[in-house]
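**Q** Got a structure for you, questions after.
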Amino acid sequence: MKLVHARFVACIIASVLVLAGCSGARNEAFPQSRISGVSAAPTTTASTPESSRSESSQREDDLKTGRRERTLKSGDLTVTAEYSTNLETHRWTPAVRKPLEVTLTALVNGNREQRVYLSGVTIYLAPSDASGPFGSPDPLRDTADITPGYVVTFPETYNQSFSLPAVDEGANTLRVDLRFEFLLLQGTTSPRDFSKRTATDSLTIPLS
């Protein structure tokens with residue numbers, strides 16, 4: 001009986017030693033932090049916005065190169081419009097007068113012999129800022145002083161220089177809306193008959 005009791009005690013001691021060894025192994029595999037209650041957190045780096053470009057350089061500028069050419073359509077009429085300025089747009093400010101030169105030529109599709117006349121050009125200015133539009137100055141208009149208008153049948157061209165007036169000091173963008181009115185000669189009747197065509201375009205320029 002004493003022998004059985006001794007063997008039972010020996011088994012208990014051996015089991016305790018084995019459990020202690022396993023606990024030590026786990027502690028070595030997963031070492032605890034030396035600072036109580038502090039857990040490691042991933043390090044993040046806050047990104048900063050790029051500031052090398054100015055706000056104005058990021059805005060639309062249709063005359064950035066000093067010149068822009070567009071092809072406009074009005075029914076069977078094709079209009080080639082070219083806009084240019086001799087004042088670099090980074091110098092366009094609300095207070096200064098801004099030069100804009102307009103050149104036009106037109107052609108009726110499939111009929112190079114049909115005469116096309118420009119009867120009028122109207123320019124509307126729409127200044128604005130991020131909050132919305134400002135009041136607009138009076139539109140500029142060039143009305144043909146001959147009847148039925150200026151001949152613009154390709155290769156004939158219309159060319160006119162406009163001086164865009166000052167706008168509200170708070171504006172940082174200027175939209176220039178253009179309206180072109182044409183008369184197309186129909187047949188050879190007397191009195192002569194004309195049909196009308198209207199083409200529109202728009203330019204956007206930032207103000208410094």
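Identifiers in this document derive from the order of the structure tokens: chains are assigned A, B, ..., residues are numbered from 1 separately in each chain, and ligands are numbered from 1 in order of occurrence.
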What lies within 9 Å of Val102 in chain A using only C-alpha atoms, ignoring chain neighbours under 4 positions off, as a list in words?
**A**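 Within the cut-off, the hits are Ala81, Glu82, Tyr83, Ser84, Tyr158, Asn159, Gln160, Ser161 and Phe162 of chain A.
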**Q** Determine which residues of range 33-205 of chain A DSSP labels as alpha helix (DSSP H) from the backbone of this structure, then write them out as a tab-separated table (two decimals) with N, CA and C atoms, in the first residue's frame.
**A**
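Result file follows (states.tsv):
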```
chain	number	residue	atom	x	y	z
A	55	GLU	N	-3.52	77.69	-57.66
A	55	GLU	CA	-4.92	77.37	-57.97
A	55	GLU	C	-5.27	77.77	-59.39
A	56	SER	N	-4.77	78.92	-59.84
A	56	SER	CA	-5.13	79.40	-61.16
A	56	SER	C	-4.61	78.49	-62.26
A	57	SER	N	-3.45	77.86	-62.05
A	57	SER	CA	-2.88	77.00	-63.08
A	57	SER	C	-3.69	75.73	-63.26
A	58	GLN	N	-4.53	75.38	-62.28
A	58	GLN	CA	-5.33	74.18	-62.36
A	58	GLN	C	-6.68	74.44	-63.00
```
**Q** Determine which residues of range 37-147 of chain A DSSP labels as strand (DSSP E or B) from the backbone of this structure, then write them out as a ChimeraX atom specification.
**A** /A:67-74,77-84,98-108,111,116-129,132-133,140-143
**Q** May I ask which of the residues A:Leu207, A:Gly149, A:Pro94, A:Ala171 is the closest one to Arg115 in chain A, counting only C-alpha atoms?
**A**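 Using only C-alpha atoms, the shortest distance to Arg115 in chain A belongs to A:Gly149.
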**Q** Hey, which bits of range 71-166 of chain A sit within 10 Å of range 187-200 of chain A, and for each residue what's the closest pair of atoms and how far apart in Å (one decimal), counting only C-alpha atoms, rows by chain and increasing number, as a Markdown table?
**A**
```
| residue | atom | partner | partner_atom | distance |
| --- | --- | --- | --- | --- |
| A:Leu72 | CA | A:Ala199 | CA | 6.6 |
| A:Lys73 | CA | A:Ala199 | CA | 6.7 |
| A:Ser74 | CA | A:Ala199 | CA | 5.7 |
| A:Gly75 | CA | A:Arg197 | CA | 7.5 |
| A:Asp76 | CA | A:Arg197 | CA | 9.1 |
| A:Leu77 | CA | A:Arg197 | CA | 7.6 |
| A:Thr78 | CA | A:Ala199 | CA | 9.2 |
| A:Val79 | CA | A:Ala199 | CA | 7.9 |
| A:Gln114 | CA | A:Gly187 | CA | 8.6 |
| A:Arg115 | CA | A:Gly187 | CA | 9.8 |
| A:Val116 | CA | A:Phe194 | CA | 9.5 |
| A:Tyr117 | CA | A:Lys196 | CA | 9.5 |
| A:Leu118 | CA | A:Arg197 | CA | 9.5 |
| A:Ser119 | CA | A:Lys196 | CA | 9.5 |
| A:Gly120 | CA | A:Thr198 | CA | 9.8 |
| A:Val121 | CA | A:Thr200 | CA | 9.8 |
| A:Thr122 | CA | A:Thr200 | CA | 9.6 |
| A:Ile123 | CA | A:Thr200 | CA | 9.9 |
| A:Pro148 | CA | A:Phe194 | CA | 8.8 |
```
